[in-house]
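Colleague: So here's data_22.cif (mmCIF, C-alpha atoms and all ligand atoms).
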```
data_final
#
loop_
_atom_site.label_atom_id
_atom_site.label_comp_id
_atom_site.auth_asym_id
_atom_site.auth_seq_id
_atom_site.Cartn_x
_atom_site.Cartn_y
_atom_site.Cartn_z
CA MET S 1 -49.17 -16.09 -22.37
CA ASN S 2 -46.84 -18.82 -21.18
CA LEU S 3 -46.60 -22.12 -22.97
CA PRO S 4 -48.78 -24.88 -21.53
CA GLY S 5 -47.05 -26.60 -18.64
CA GLU S 6 -45.64 -23.22 -17.59
CA ILE S 7 -42.59 -23.53 -19.84
CA PRO S 8 -41.47 -19.93 -20.51
CA LEU S 9 -39.64 -18.59 -23.54
CA LYS S 10 -36.52 -16.88 -22.21
CA LEU S 11 -34.36 -14.15 -23.63
CA LEU S 12 -31.14 -14.13 -21.63
CA SER S 13 -28.66 -12.23 -23.75
CA SER S 14 -28.53 -9.24 -26.06
CA GLU S 15 -26.89 -11.28 -28.79
CA PRO S 16 -28.70 -10.09 -32.00
CA THR S 17 -29.72 -13.50 -33.40
CA GLU S 18 -31.10 -14.63 -30.06
CA ARG S 19 -33.06 -11.42 -29.68
CA PHE S 20 -34.37 -11.49 -33.26
CA GLU S 21 -35.49 -15.14 -33.20
CA THR S 22 -37.01 -14.91 -29.71
CA GLU S 23 -39.04 -11.85 -30.68
CA ARG S 24 -40.11 -13.45 -33.97
CA LEU S 25 -41.35 -16.57 -32.19
CA ALA S 26 -43.06 -14.59 -29.44
CA GLN S 27 -44.87 -12.49 -32.03
CA GLN S 28 -45.85 -15.45 -34.18
CA TYR S 29 -47.43 -17.37 -31.28
CA ARG S 30 -48.30 -14.46 -28.99
CA LEU S 31 -45.98 -15.71 -26.28
CA SER S 32 -44.59 -13.56 -23.55
CA ILE S 33 -40.84 -13.38 -23.17
CA SER S 34 -39.25 -13.91 -19.77
CA THR S 35 -35.94 -12.23 -19.04
CA SER S 36 -35.61 -13.42 -15.45
CA PHE S 37 -32.50 -15.44 -14.67
CA PRO S 38 -33.32 -19.18 -14.48
CA ARG S 39 -33.54 -20.84 -11.08
CA LYS S 40 -31.41 -23.84 -10.09
CA SER S 41 -34.20 -26.15 -11.00
CA ASP S 42 -35.95 -24.79 -14.07
CA ILE S 43 -37.32 -25.69 -17.48
CA PHE S 44 -37.53 -23.15 -20.29
CA LEU S 45 -37.14 -22.57 -24.03
CA ARG S 46 -34.31 -20.44 -25.32
CA PHE S 47 -32.55 -19.76 -28.61
CA ILE S 48 -28.94 -20.87 -28.29
CA ASN S 49 -26.82 -20.19 -31.38
CA ASP S 50 -29.96 -19.83 -33.50
CA VAL S 51 -31.35 -23.16 -32.26
CA LEU S 52 -34.55 -23.27 -30.24
CA THR S 53 -33.57 -25.34 -27.22
CA LEU S 54 -35.51 -26.80 -24.33
CA VAL S 55 -33.29 -26.37 -21.30
CA VAL S 56 -33.90 -28.43 -18.19
CA GLN S 57 -31.87 -27.59 -15.12
CA GLY S 58 -31.67 -29.59 -11.92
CA LEU S 59 -32.79 -32.92 -13.37
CA GLN S 60 -30.52 -35.69 -12.06
CA ASP S 61 -27.08 -34.18 -12.35
CA LYS S 62 -25.80 -30.63 -12.20
CA VAL S 63 -25.44 -30.24 -15.96
CA ALA S 64 -28.44 -28.75 -17.72
CA THR S 65 -30.14 -31.05 -20.21
CA LYS S 66 -30.66 -29.40 -23.57
CA ILE S 67 -33.06 -30.70 -26.17
CA SER S 68 -33.40 -29.38 -29.69
CA ILE S 69 -34.24 -30.93 -33.03
CA ASP S 70 -31.59 -31.22 -35.69
CA PHE S 71 -32.73 -33.55 -38.45
CA LEU S 72 -29.39 -33.39 -40.22
CA SER S 73 -27.23 -34.73 -37.41
CA GLY S 74 -27.40 -37.64 -34.99
CA HIS S 75 -29.43 -40.71 -35.88
CA SER S 76 -31.68 -39.05 -38.46
CA GLY S 77 -28.71 -37.36 -40.14
CA TYR S 78 -26.85 -40.66 -40.27
CA ARG S 79 -29.83 -42.44 -41.85
CA LEU S 80 -30.24 -39.61 -44.34
CA GLN S 81 -26.65 -39.90 -45.51
CA ASN S 82 -26.13 -43.65 -45.24
CA ASP S 83 -29.32 -45.63 -44.98
CA LEU S 84 -32.21 -44.85 -47.27
CA ARG S 85 -33.01 -48.51 -47.95
CA ILE S 86 -36.61 -49.27 -48.80
CA GLY S 87 -36.45 -52.85 -47.51
CA THR S 88 -36.41 -51.97 -43.80
CA PRO S 89 -39.31 -53.14 -41.59
CA PHE S 90 -40.44 -49.53 -41.17
CA ALA S 91 -40.48 -48.70 -44.90
CA LYS S 92 -42.21 -52.00 -45.70
CA ALA S 93 -44.86 -51.44 -43.04
CA ILE S 94 -45.62 -47.96 -44.39
CA GLY S 95 -46.18 -49.45 -47.87
CA ILE S 96 -43.03 -48.15 -49.55
CA LYS S 97 -41.93 -50.24 -52.54
CA LYS S 98 -39.91 -49.67 -55.67
CA GLY S 99 -41.67 -46.79 -57.43
CA VAL S 100 -44.29 -46.44 -54.67
CA ARG S 101 -44.20 -43.65 -52.07
CA PRO S 102 -47.50 -43.39 -50.19
CA THR S 103 -48.68 -40.08 -48.82
CA VAL S 104 -48.33 -40.32 -45.05
CA CYS S 105 -49.88 -38.59 -42.09
CA ASP S 106 -47.62 -38.99 -39.07
CA THR S 107 -50.35 -38.44 -36.48
CA THR S 108 -47.95 -38.47 -33.50
CA ALA S 109 -44.93 -36.54 -34.75
CA GLY S 110 -42.96 -36.24 -31.47
CA PHE S 111 -39.36 -35.34 -32.31
CA GLY S 112 -40.12 -36.02 -35.98
CA GLN S 113 -37.54 -38.76 -36.46
CA ASP S 114 -39.87 -41.22 -38.16
CA GLY S 115 -41.71 -38.60 -40.21
CA PHE S 116 -38.48 -37.09 -41.45
CA HIS S 117 -37.11 -40.49 -42.44
CA LEU S 118 -40.21 -41.13 -44.54
CA ALA S 119 -39.83 -37.74 -46.21
CA ALA S 120 -36.16 -38.52 -46.89
CA LEU S 121 -37.33 -41.75 -48.53
CA GLY S 122 -39.53 -39.68 -50.83
CA CYS S 123 -42.97 -39.69 -49.17
CA GLN S 124 -45.11 -36.58 -48.80
CA VAL S 125 -45.49 -36.38 -45.03
CA THR S 126 -47.86 -34.36 -42.90
CA MET S 127 -46.72 -34.34 -39.27
CA ILE S 128 -49.21 -33.59 -36.50
CA GLU S 129 -48.07 -32.78 -32.97
CA ARG S 130 -50.34 -31.62 -30.19
CA SER S 131 -47.78 -30.55 -27.60
CA HIS S 132 -47.12 -26.87 -28.12
CA VAL S 133 -43.52 -27.12 -26.92
CA ILE S 134 -42.66 -30.13 -29.07
CA HIS S 135 -44.37 -28.49 -32.04
CA LEU S 136 -42.20 -25.39 -31.61
CA LEU S 137 -39.03 -27.52 -31.46
CA LEU S 138 -40.13 -29.39 -34.59
CA GLU S 139 -40.91 -26.21 -36.45
CA ASP S 140 -37.49 -24.85 -35.55
CA GLY S 141 -35.77 -28.04 -36.76
CA ILE S 142 -37.65 -27.73 -40.06
CA ARG S 143 -36.77 -24.02 -40.33
CA ARG S 144 -33.04 -24.78 -40.02
CA GLY S 145 -33.21 -27.93 -42.16
CA SER S 146 -34.90 -25.98 -44.98
CA ARG S 147 -31.84 -23.76 -45.25
CA ASN S 148 -29.51 -26.67 -46.05
CA PRO S 149 -28.41 -26.43 -49.70
CA LYS S 150 -28.36 -30.18 -50.24
CA PHE S 151 -31.30 -31.42 -48.17
CA GLY S 152 -33.45 -28.29 -47.83
CA LYS S 153 -35.91 -29.46 -50.47
CA ILE S 154 -36.94 -32.46 -48.35
CA PHE S 155 -38.27 -30.01 -45.78
CA LYS S 156 -39.66 -27.48 -48.23
CA GLN S 157 -41.29 -29.89 -50.65
CA ARG S 158 -42.21 -32.97 -48.66
CA ILE S 159 -43.00 -32.00 -45.07
CA THR S 160 -46.04 -30.18 -43.75
CA LEU S 161 -46.25 -29.61 -40.01
CA LYS S 162 -49.50 -29.06 -38.13
CA HIS S 163 -50.11 -28.19 -34.52
CA GLY S 164 -53.15 -29.83 -32.99
CA ASP S 165 -54.77 -33.03 -31.88
CA ALA S 166 -54.81 -35.63 -34.65
CA ILE S 167 -58.09 -36.97 -33.24
CA GLU S 168 -59.72 -33.71 -34.30
CA LEU S 169 -57.54 -32.90 -37.30
CA ILE S 170 -57.38 -36.06 -39.42
CA PRO S 171 -61.10 -36.13 -40.30
CA LYS S 172 -60.72 -32.54 -41.57
CA LEU S 173 -57.59 -33.08 -43.69
CA SER S 174 -57.47 -34.45 -47.20
CA LYS S 175 -57.04 -38.21 -47.41
CA PHE S 176 -53.67 -39.89 -46.89
CA GLN S 177 -52.70 -43.32 -48.13
CA THR S 178 -51.04 -44.28 -44.83
CA LEU S 179 -51.85 -43.10 -41.33
CA TYR S 180 -48.94 -43.69 -38.96
CA LEU S 181 -49.43 -43.85 -35.19
CA ASP S 182 -46.63 -43.95 -32.65
CA PRO S 183 -48.14 -42.90 -29.32
CA MET S 184 -46.14 -43.04 -26.10
CA TYR S 185 -45.89 -46.46 -24.52
CA PRO S 186 -44.54 -47.70 -21.20
CA PRO S 187 -40.77 -47.19 -20.62
CA ARG S 188 -38.61 -50.02 -21.89
CA LYS S 189 -35.02 -50.93 -22.60
CA GLY S 190 -33.43 -50.09 -25.94
CA SER S 191 -35.72 -47.23 -26.89
CA ALA S 192 -34.79 -45.22 -30.00
CA LEU S 193 -34.91 -42.02 -27.98
CA SER S 194 -32.26 -41.62 -25.31
CA LYS S 195 -33.47 -42.25 -21.76
CA LYS S 196 -33.23 -38.59 -20.84
CA ASN S 197 -35.09 -37.45 -23.95
CA LEU S 198 -37.79 -40.03 -23.36
CA TYR S 199 -38.10 -39.07 -19.72
CA LEU S 200 -38.53 -35.44 -20.71
CA LEU S 201 -40.93 -36.19 -23.55
CA ARG S 202 -43.09 -38.15 -21.10
CA HIS S 203 -42.85 -35.32 -18.58
CA ILE S 204 -44.03 -32.81 -21.19
CA VAL S 205 -46.63 -34.75 -23.19
CA GLY S 206 -47.83 -37.36 -20.67
CA ASN S 207 -48.74 -40.93 -21.55
CA ASP S 208 -51.05 -40.55 -24.57
CA LEU S 209 -53.86 -42.38 -22.79
CA ASP S 210 -56.25 -41.64 -25.66
CA SER S 211 -54.34 -43.64 -28.28
CA THR S 212 -57.24 -46.10 -28.73
CA GLN S 213 -59.48 -43.16 -29.58
CA LEU S 214 -56.91 -41.97 -32.13
CA PHE S 215 -56.88 -45.46 -33.66
CA HIS S 216 -60.69 -45.51 -33.95
CA VAL S 217 -60.70 -42.12 -35.65
CA ALA S 218 -57.98 -43.38 -38.02
CA GLN S 219 -60.25 -46.33 -38.90
CA ARG S 220 -63.18 -44.01 -39.62
CA VAL S 221 -61.03 -41.89 -41.94
CA ASP S 222 -60.52 -45.08 -43.98
CA PRO S 223 -56.98 -44.76 -45.41
CA ALA S 224 -55.36 -47.47 -47.54
CA ARG S 225 -53.46 -48.57 -44.42
CA ILE S 226 -52.95 -47.76 -40.76
CA VAL S 227 -49.57 -48.51 -39.21
CA VAL S 228 -49.08 -48.61 -35.45
CA LYS S 229 -45.58 -48.79 -33.95
CA ARG S 230 -45.34 -50.87 -30.76
CA PRO S 231 -42.51 -52.28 -28.67
CA GLY S 232 -42.06 -56.03 -29.34
CA LYS S 233 -44.16 -57.46 -26.55
CA ILE S 234 -46.69 -54.76 -25.87
CA ALA S 235 -50.30 -55.37 -26.98
CA GLY S 236 -51.69 -53.54 -30.01
CA ILE S 237 -53.92 -50.51 -29.49
CA GLY S 238 -57.00 -51.59 -31.40
CA SER S 239 -59.56 -54.18 -30.33
CA VAL S 240 -59.07 -55.98 -33.66
CA PRO S 241 -55.89 -57.88 -34.60
CA PRO S 242 -53.74 -56.30 -37.32
CA SER S 243 -53.89 -57.59 -40.90
CA PHE S 244 -50.19 -58.39 -40.53
CA GLU S 245 -47.15 -57.45 -38.44
CA VAL S 246 -43.72 -56.39 -39.58
CA ALA S 247 -41.11 -57.18 -36.95
CA GLY S 248 -38.14 -54.92 -36.32
CA LYS S 249 -35.30 -55.61 -33.87
CA HIS S 250 -36.94 -54.20 -30.75
CA ILE S 251 -40.21 -52.99 -32.15
CA ARG S 252 -42.95 -54.20 -34.42
CA TYR S 253 -45.32 -52.45 -36.77
CA ASP S 254 -48.96 -53.51 -36.69
CA VAL S 255 -50.41 -52.95 -40.15
CA TYR S 256 -54.18 -52.65 -40.63
CA LEU S 257 -55.78 -52.81 -44.05
CA PRO S 258 -59.41 -52.04 -44.96
CA PRO S 259 -62.19 -52.85 -44.37
CA TYR S 260 -61.66 -51.67 -40.80
CA LEU S 261 -65.16 -51.66 -39.33
C1 LIG S 301 -43.58 -41.52 -28.94
S1 LIG S 301 -43.72 -39.88 -29.49
C2 LIG S 301 -43.54 -40.05 -31.24
C3 LIG S 301 -42.11 -40.19 -31.67
C4 LIG S 301 -41.94 -40.02 -33.16
N1 LIG S 301 -42.49 -41.15 -33.89
C5 LIG S 301 -40.50 -39.80 -33.55
O1 LIG S 301 -40.02 -40.50 -34.46
O2 LIG S 301 -39.85 -38.91 -33.00
C6 LIG S 301 -45.43 -39.52 -29.37
C7 LIG S 301 -45.79 -38.07 -29.70
O3 LIG S 301 -47.12 -38.07 -30.21
C8 LIG S 301 -47.80 -36.96 -29.72
N2 LIG S 301 -49.24 -37.31 -29.77
C9 LIG S 301 -49.86 -38.32 -29.12
N3 LIG S 301 -51.16 -38.36 -29.42
C10 LIG S 301 -51.38 -37.34 -30.29
C11 LIG S 301 -52.53 -36.85 -30.96
N4 LIG S 301 -53.74 -37.40 -30.77
N5 LIG S 301 -52.41 -35.79 -31.77
C12 LIG S 301 -51.19 -35.20 -31.96
N6 LIG S 301 -50.06 -35.60 -31.34
C13 LIG S 301 -50.16 -36.66 -30.52
C14 LIG S 301 -47.27 -36.77 -28.32
O4 LIG S 301 -47.47 -35.43 -27.89
C15 LIG S 301 -45.80 -37.14 -28.51
O5 LIG S 301 -45.03 -36.00 -28.83
#
```
Go ahead and express the file in the form of structure tokens.

Modeller:
Amino acid sequence: MNLPGEIPLKLLSSEPTERFETERLAQQYRLSISTSFPRKSDIFLRFINDVLTLVVQGLQDKVATKISIDFLSGHSGYRLQNDLRIGTPFAKAIGIKKGVRPTVCDTTAGFGQDGFHLAALGCQVTMIERSHVIHLLLEDGIRRGSRNPKFGKIFKQRITLKHGDAIELIPKLSKFQTLYLDPMYPPRKGSALSKKNLYLLRHIVGNDLDSTQLFHVAQRVDPARIVVKRPGKIAGIGSVPPSFEVAGKHIRYDVYLPPYL
């Protein structure tokens, strides 16, 4: 089968690693492999130098946009090496304190930046992602991260990744101390994800119009806290006001404490 949204998995060279990884992935998820040469305007998944990459051709400019997940470079890599403070708005909102590392379910994993940061800070994190394509990219980032001699244990010991809809999954999973929600919200300036990445994420996953439903399910699961990430001025997702807010530079975290209902 093809991935939802008609995004094919392509094998375009006979390079051994590309062939091996493509066949492994296809077998694991029962995906068909396409060997047809991409069109001018095309979107597909392909292993490039052992990295599962979403390639988008014909977007705005002539250069193909390539998206992959590498937790150990870019912003997440920088934070891992240089900024594991526990006094940040995000860490405070999650409930991290000296000697306290809550178990967290990141119900909207996306590119895994937030979930990985929490794992790097020492939390046990379960990431849930419902988009098949994004889940595959995440899994590949975790696969490569696990091989790192210095940081591999963060992936192996503290991160669990699940594919599915958190609305259905969280009532079935064991209890977490903190449920974290970061659904898509309207485009805005100064987003953490680059404009192109955000544009593509929106194109692939849509607008998360059921985030209120996710919040209500989170309330029913009754964790020690629910944390919802929102851009500064955008309304919260629940019908009740949060117990308190933690303000970041461009975003805020709405923190809900029990009793919820
Ligand atoms: C804004 S992104 C999250 C970004 C993420 N916090 C990060 O640091 O990279 C939202 C993601 O949540 C996923 N999502 C939204 N609702 C979901 C649900 N009910 N279950 C699982 N995934 C969900 C979307 O598919 C999308 O990939």

Colleague: So, with all atoms listed in the file as the atoms that count, which of S:His163, S:His203, S:Arg220, S:Lys153 lies closest to Pro258 of chain S?

Modeller: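 Smallest separation from Pro258 of chain S among the options: S:Arg220.
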
Colleague: Could you please determine the separation between atom CA of Ser73 of chain S and atom CA of Leu45 of chain S in Å, to one decimal place?

Modeller: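 Rounded to one decimal, the two atoms are 20.6 Å apart.
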
Colleague: Which residue, S:Ile159, S:Ile170, S:Leu31, S:Leu54, has the smallest gap to ligand LIG 301 (chain S) when you use only C-alpha atoms and all ligand atoms?

Modeller: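 Of all the options, S:Ile170 lies closest to ligand LIG 301 (chain S).
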
Colleague: List as CSV every residue of chain S that is in contact with ligand LIG 301 (chain S), defined as an atom at most 6 Å from one of its atoms (using all atoms listed in the file), together with the nearest atom pair and the distance in Å rounded to one decimal, sorted by chain and then rising number.

Modeller:
```
residue,atom,partner,partner_atom,distance
S:Thr107,CA,S:LIG301,C12,5.6
S:Thr108,CA,S:LIG301,O3,3.4
S:Ala109,CA,S:LIG301,C4,4.9
S:Gly110,CA,S:LIG301,O5,3.4
S:Phe111,CA,S:LIG301,O2,3.7
S:Gly112,CA,S:LIG301,O2,4.2
S:Gln113,CA,S:LIG301,O1,3.6
S:Asp114,CA,S:LIG301,O1,3.8
S:Ile128,CA,S:LIG301,C12,5.2
S:Glu129,CA,S:LIG301,N6,3.8
S:Arg130,CA,S:LIG301,C12,4.1
S:Ser131,CA,S:LIG301,O4,4.9
S:Gly164,CA,S:LIG301,C12,5.8
S:Asp165,CA,S:LIG301,N5,3.6
S:Ala166,CA,S:LIG301,N5,3.8
S:Ile167,CA,S:LIG301,N4,5.0
S:Asp182,CA,S:LIG301,N1,5.1
S:Pro183,CA,S:LIG301,C6,4.3
S:Met184,CA,S:LIG301,C1,4.1
S:Val205,CA,S:LIG301,O4,4.8
S:Asp208,CA,S:LIG301,C9,5.2
S:Leu214,CA,S:LIG301,N4,5.7
```

Colleague: Quick one, how far is atom CA of Ile86 of chain S from atom CA of Lys156 of chain S?

Modeller: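 Interatomic distance here is 22.0 Å.
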
Colleague: Excluding Thr212 of chain S and any residue of its chain fewer than 2 positions from it, enumerate the residues within 7 Å of it, using all atoms listed in the file, and give them as a list in words.

Modeller: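 Listing them by chain and then by number gives Asp210, Leu214, Phe215, His216, Ile237 and Gly238 of chain S.
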
Colleague: Find the residue from S:Ile48, S:Leu121, S:Ala64, S:Cys105 that sits nearest to Arg85 of chain S; use only C-alpha atoms when measuring.

Modeller: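 Result for the nearest residue to Arg85 of chain S: S:Leu121.
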
Colleague: Between atom CA of Leu198 of chain S and atom CA of Pro171 of chain S, measure the distance and give it in Å to one decimal.

Modeller: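 These atoms are spaced 29.1 Å apart.
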
Colleague: Need to verify the contact set: Thr53 of chain S, 10 Å, all atoms listed in the file, exclusion of same-chain residues closer than 2 positions in sequence. Can you return it as a list in words?

Modeller: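 Those residues are Leu9, Phe44, Leu45, Arg46, Phe47, Ile48, Asn49, Asp50, Val51, Val55, Val56, Thr65, Lys66, Ile67, Ser68, Ile69, Leu136, Leu137 and Asp140 of chain S.
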
Colleague: Find the residue from S:Glu168, S:Asp222, S:Glu15, S:Glu245 that sits nearest to Tyr260 of chain S; use only C-alpha atoms when measuring.

Modeller: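 So, comparing all the options, the nearest one is S:Asp222.
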
Colleague: For a quick check of understanding, using all atoms listed in the file, which of S:Leu12, S:Ala235, S:Leu181, S:Val63 has the smallest distance to Gln213 of chain S?

Modeller: S:Leu181

Colleague: Kindly provide, as a VMD selection string, the polymer residues lying within 8 Å of (-53.5, -49.4, -41.1), counting all atoms listed in the file and using the coordinates exactly as they appear in the file.

Modeller: chain S and resid 178 to 180 219 223 to 228 242 254 to 258

Colleague: Nearest residue to Thr126 of chain S out of S:Leu161, S:Leu138, S:Val100, S:Leu52, using only C-alpha atoms?

Modeller: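 Distance minimum relative to Thr126 of chain S lands on S:Leu161.
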
Colleague: Neighbours of Asp83 of chain S within 12 Å (only C-alpha atoms; same-chain residues fewer than 4 positions away dropped), as a PyMOL selection string?

Modeller: chain S and resi 75-79+87-88+91+117-118+120-121
